[in-house]
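Structure data (PDB, N, CA and C atoms) from entry16.pdb:
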```pdb
MODEL        1
ATOM      1  N   MET A   1      54.346  67.877 -54.842
ATOM      2  CA  MET A   1      54.975  67.174 -55.952
ATOM      3  C   MET A   1      54.839  65.665 -55.762
ATOM      4  N   LYS A   2      54.698  65.006 -56.846
ATOM      5  CA  LYS A   2      54.641  63.556 -56.787
ATOM      6  C   LYS A   2      56.048  63.002 -56.895
ATOM      7  N   TRP A   3      56.192  61.740 -56.574
ATOM      8  CA  TRP A   3      57.513  61.101 -56.587
ATOM      9  C   TRP A   3      58.160  61.123 -57.962
ATOM     10  N   ARG A   4      57.367  60.974 -58.990
ATOM     11  CA  ARG A   4      57.937  60.984 -60.349
ATOM     12  C   ARG A   4      58.510  62.355 -60.695
ATOM     13  N   ALA A   5      57.805  63.393 -60.293
ATOM     14  CA  ALA A   5      58.289  64.746 -60.564
ATOM     15  C   ALA A   5      59.572  65.017 -59.785
ATOM     16  N   ILE A   6      59.636  64.543 -58.541
ATOM     17  CA  ILE A   6      60.842  64.725 -57.719
ATOM     18  C   ILE A   6      62.006  63.958 -58.332
ATOM     19  N   ALA A   7      61.761  62.706 -58.724
ATOM     20  CA  ALA A   7      62.818  61.897 -59.323
ATOM     21  C   ALA A   7      63.281  62.511 -60.644
ATOM     22  N   SER A   8      62.357  63.040 -61.407
ATOM     23  CA  SER A   8      62.723  63.668 -62.671
ATOM     24  C   SER A   8      63.555  64.919 -62.430
ATOM     25  N   ALA A   9      63.177  65.694 -61.414
ATOM     26  CA  ALA A   9      63.930  66.914 -61.106
ATOM     27  C   ALA A   9      65.338  66.583 -60.620
ATOM     28  N   LEU A  10      65.485  65.510 -59.881
ATOM     29  CA  LEU A  10      66.816  65.107 -59.408
ATOM     30  C   LEU A  10      67.623  64.439 -60.505
ATOM     31  N   GLY A  11      66.953  63.810 -61.444
ATOM     32  CA  GLY A  11      67.641  63.067 -62.491
ATOM     33  C   GLY A  11      68.332  63.933 -63.518
ATOM     34  N   HIS A  12      67.787  65.079 -63.822
ATOM     35  CA  HIS A  12      68.374  65.934 -64.862
ATOM     36  C   HIS A  12      69.763  66.447 -64.487
ATOM     37  N   PRO A  13      69.979  66.984 -63.279
ATOM     38  CA  PRO A  13      71.356  67.414 -62.944
ATOM     39  C   PRO A  13      72.329  66.247 -62.876
ATOM     40  N   LEU A  14      71.857  65.101 -62.392
ATOM     41  CA  LEU A  14      72.736  63.931 -62.334
ATOM     42  C   LEU A  14      73.097  63.464 -63.738
ATOM     43  N   LYS A  15      72.130  63.472 -64.628
ATOM     44  CA  LYS A  15      72.415  63.069 -66.009
ATOM     45  C   LYS A  15      73.387  64.054 -66.655
ATOM     46  N   ALA A  16      73.245  65.325 -66.354
ATOM     47  CA  ALA A  16      74.142  66.326 -66.910
ATOM     48  C   ALA A  16      75.566  66.122 -66.387
ATOM     49  N   CYS A  17      75.704  65.684 -65.143
ATOM     50  CA  CYS A  17      77.037  65.449 -64.574
ATOM     51  C   CYS A  17      77.716  64.249 -65.233
ATOM     52  N   PHE A  18      76.958  63.231 -65.567
ATOM     53  CA  PHE A  18      77.520  61.996 -66.090
ATOM     54  C   PHE A  18      77.315  61.819 -67.587
ATOM     55  N   ASP A  19      76.885  62.842 -68.271
ATOM     56  CA  ASP A  19      76.685  62.746 -69.712
ATOM     57  C   ASP A  19      78.052  62.762 -70.390
ATOM     58  N   LEU A  20      78.394  61.682 -71.080
ATOM     59  CA  LEU A  20      79.711  61.527 -71.681
ATOM     60  C   LEU A  20      79.607  61.539 -73.200
ATOM     61  N   THR A  21      80.658  62.019 -73.841
ATOM     62  CA  THR A  21      80.709  61.964 -75.295
ATOM     63  C   THR A  21      81.035  60.529 -75.719
ATOM     64  N   VAL A  22      80.947  60.271 -77.001
ATOM     65  CA  VAL A  22      81.202  58.924 -77.509
ATOM     66  C   VAL A  22      82.646  58.509 -77.232
ATOM     67  N   SER A  23      83.592  59.413 -77.442
ATOM     68  CA  SER A  23      84.992  59.063 -77.210
ATOM     69  C   SER A  23      85.266  58.818 -75.720
ATOM     70  N   GLU A  24      84.601  59.572 -74.841
ATOM     71  CA  GLU A  24      84.761  59.351 -73.402
ATOM     72  C   GLU A  24      84.175  58.009 -72.985
ATOM     73  N   ARG A  25      83.051  57.649 -73.567
ATOM     74  CA  ARG A  25      82.461  56.334 -73.266
ATOM     75  C   ARG A  25      83.372  55.205 -73.725
ATOM     76  N   ARG A  26      83.983  55.366 -74.897
ATOM     77  CA  ARG A  26      84.899  54.335 -75.397
ATOM     78  C   ARG A  26      86.114  54.205 -74.491
ATOM     79  N   LEU A  27      86.650  55.335 -74.051
ATOM     80  CA  LEU A  27      87.798  55.312 -73.146
ATOM     81  C   LEU A  27      87.433  54.623 -71.831
ATOM     82  N   LEU A  28      86.295  54.973 -71.269
ATOM     83  CA  LEU A  28      85.848  54.352 -70.023
ATOM     84  C   LEU A  28      85.608  52.865 -70.215
ATOM     85  N   LEU A  29      85.026  52.476 -71.336
ATOM     86  CA  LEU A  29      84.805  51.068 -71.621
ATOM     87  C   LEU A  29      86.132  50.328 -71.755
ATOM     88  N   GLY A  30      87.113  50.944 -72.421
ATOM     89  CA  GLY A  30      88.435  50.332 -72.553
ATOM     90  C   GLY A  30      89.111  50.126 -71.212
ATOM     91  N   VAL A  31      89.012  51.113 -70.332
ATOM     92  CA  VAL A  31      89.610  50.988 -69.000
ATOM     93  C   VAL A  31      88.922  49.878 -68.215
ATOM     94  N   LEU A  32      87.606  49.814 -68.291
ATOM     95  CA  LEU A  32      86.876  48.763 -67.575
ATOM     96  C   LEU A  32      87.198  47.376 -68.124
ATOM     97  N   ILE A  33      87.370  47.261 -69.429
ATOM     98  CA  ILE A  33      87.729  45.970 -70.030
ATOM     99  C   ILE A  33      89.124  45.552 -69.576
ATOM    100  N   LEU A  34      90.075  46.489 -69.568
ATOM    101  CA  LEU A  34      91.424  46.161 -69.093
ATOM    102  C   LEU A  34      91.410  45.750 -67.620
ATOM    103  N   PHE A  35      90.598  46.417 -66.821
ATOM    104  CA  PHE A  35      90.464  46.062 -65.408
ATOM    105  C   PHE A  35      89.912  44.646 -65.257
ATOM    106  N   ALA A  36      88.882  44.316 -66.039
ATOM    107  CA  ALA A  36      88.289  42.980 -65.974
ATOM    108  C   ALA A  36      89.282  41.917 -66.430
ATOM    109  N   ILE A  37      90.043  42.195 -67.482
ATOM    110  CA  ILE A  37      91.047  41.240 -67.959
ATOM    111  C   ILE A  37      92.104  41.015 -66.876
ATOM    112  N   GLY A  38      92.511  42.085 -66.207
ATOM    113  CA  GLY A  38      93.482  41.963 -65.124
ATOM    114  C   GLY A  38      92.970  41.106 -63.984
ATOM    115  N   LEU A  39      91.710  41.289 -63.606
ATOM    116  CA  LEU A  39      91.134  40.473 -62.537
ATOM    117  C   LEU A  39      91.044  39.006 -62.938
ATOM    118  N   ILE A  40      90.660  38.750 -64.167
ATOM    119  CA  ILE A  40      90.555  37.368 -64.640
ATOM    120  C   ILE A  40      91.932  36.718 -64.680
ATOM    121  N   ALA A  41      92.937  37.446 -65.174
ATOM    122  CA  ALA A  41      94.296  36.899 -65.226
ATOM    123  C   ALA A  41      94.829  36.630 -63.831
ATOM    124  N   ARG A  42      94.529  37.504 -62.892
ATOM    125  CA  ARG A  42      94.979  37.294 -61.509
ATOM    126  C   ARG A  42      94.348  36.043 -60.913
ATOM    127  N   GLU A  43      93.067  35.851 -61.166
ATOM    128  CA  GLU A  43      92.380  34.672 -60.636
ATOM    129  C   GLU A  43      92.945  33.398 -61.246
ATOM    130  N   ILE A  44      93.208  33.399 -62.546
ATOM    131  CA  ILE A  44      93.781  32.219 -63.201
ATOM    132  C   ILE A  44      95.164  31.920 -62.637
ATOM    133  N   HIS A  45      95.978  32.958 -62.454
ATOM    134  CA  HIS A  45      97.316  32.768 -61.895
ATOM    135  C   HIS A  45      97.235  32.251 -60.455
ATOM    136  N   ARG A  46      96.290  32.777 -59.687
ATOM    137  CA  ARG A  46      96.128  32.343 -58.294
ATOM    138  C   ARG A  46      95.724  30.873 -58.222
ATOM    139  N   ARG A  47      94.866  30.446 -59.141
ATOM    140  CA  ARG A  47      94.442  29.041 -59.148
ATOM    141  C   ARG A  47      95.588  28.112 -59.500
ATOM    142  N   ASP A  48      96.421  28.520 -60.453
ATOM    143  CA  ASP A  48      97.509  27.664 -60.915
ATOM    144  C   ASP A  48      98.672  27.610 -59.940
ATOM    145  N   ALA A  49      98.862  28.629 -59.130
ATOM    146  CA  ALA A  49     100.033  28.694 -58.257
ATOM    147  C   ALA A  49      99.982  27.597 -57.189
ATOM    148  N   GLY A  50      98.889  27.433 -56.525
ATOM    149  CA  GLY A  50      98.752  26.416 -55.489
ATOM    150  C   GLY A  50      99.571  26.755 -54.249
ATOM    151  N   PRO A  51      99.244  26.151 -53.133
ATOM    152  CA  PRO A  51      99.966  26.446 -51.900
ATOM    153  C   PRO A  51     101.346  25.782 -51.889
ATOM    154  N   THR A  52     102.276  26.407 -51.216
ATOM    155  CA  THR A  52     103.611  25.841 -51.057
ATOM    156  C   THR A  52     103.900  25.701 -49.566
ATOM    157  N   THR A  53     104.718  24.719 -49.229
ATOM    158  CA  THR A  53     105.054  24.522 -47.818
ATOM    159  C   THR A  53     106.219  25.432 -47.444
ATOM    160  N   TYR A  54     106.197  25.903 -46.224
ATOM    161  CA  TYR A  54     107.249  26.792 -45.734
ATOM    162  C   TYR A  54     108.377  25.949 -45.178
ATOM    163  N   ARG A  55     109.583  26.205 -45.656
ATOM    164  CA  ARG A  55     110.767  25.534 -45.140
ATOM    165  C   ARG A  55     111.719  26.592 -44.606
ATOM    166  N   PRO A  56     111.855  26.655 -43.309
ATOM    167  CA  PRO A  56     112.738  27.678 -42.752
ATOM    168  C   PRO A  56     114.192  27.382 -43.114
ATOM    169  N   PRO A  57     115.020  28.396 -43.178
ATOM    170  CA  PRO A  57     116.426  28.162 -43.504
ATOM    171  C   PRO A  57     117.089  27.354 -42.382
ATOM    172  N   PRO A  58     118.107  26.559 -42.714
ATOM    173  CA  PRO A  58     118.750  25.750 -41.665
ATOM    174  C   PRO A  58     119.439  26.654 -40.647
ATOM    175  N   MET A  59     119.390  26.197 -39.414
ATOM    176  CA  MET A  59     119.998  26.975 -38.342
ATOM    177  C   MET A  59     121.504  26.767 -38.349
ATOM    178  N   GLU A  60     122.214  27.834 -38.121
ATOM    179  CA  GLU A  60     123.674  27.724 -38.042
ATOM    180  C   GLU A  60     124.032  27.335 -36.612
ATOM    181  N   PRO A  61     125.012  26.492 -36.472
ATOM    182  CA  PRO A  61     125.412  26.128 -35.104
ATOM    183  C   PRO A  61     126.044  27.332 -34.397
ATOM    184  N   THR A  62     125.695  27.492 -33.155
ATOM    185  CA  THR A  62     126.249  28.608 -32.382
ATOM    186  C   THR A  62     127.439  28.137 -31.566
ATOM    187  N   GLN A  63     128.426  29.011 -31.443
ATOM    188  CA  GLN A  63     129.605  28.685 -30.645
ATOM    189  C   GLN A  63     129.359  29.087 -29.199
ATOM    190  N   PRO A  64     129.618  28.192 -28.239
ATOM    191  CA  PRO A  64     129.387  28.556 -26.812
ATOM    192  C   PRO A  64     130.429  29.491 -26.263
TER     193      PRO A  64
ENDMDL
END
```
Any chance you could give the structure as structure tokens?
Amino acid sequence: MKWRAIASALGHPLKACFDLTVSERRLLLGVLILFAIGLIAREIHRRDAGPTTYRPPPMEPTQP
């Protein structure tokens, strides 16, 4: 067998496993879009937050 025939033989079962209907493709696209929006919003929030300095709470005086 040549490489093209082997690739074609392997491609058909894989295509059958991942063959989606139109509504399934839309659902998957919607989930991916929401995921991308979430990542973009997180990055924007991370940029705006900026670093803050750590201030430990004041120590209480101890009684001897």
Padding 6 Å on each side, edges along x, y and z: where is the centre of the box around the listed atoms of segment 21-35 of chain A, and how long are its edges in Å to one decimal? Output it as JSON.
```
{"center_x": 86.0, "center_y": 53.3, "center_z": -71.4, "size_x": 22.8, "size_y": 29.4, "size_z": 24.3}
```
Just to confirm, what's the straight-line distance from atom N of Leu34 of chain A to atom CA of Gly50 of chain A in Å (one decimal)?
26.0 Å
Computed gap from atom CA of Phe18 of chain A to atom CA of Val31 of chain A is 16.6 Å
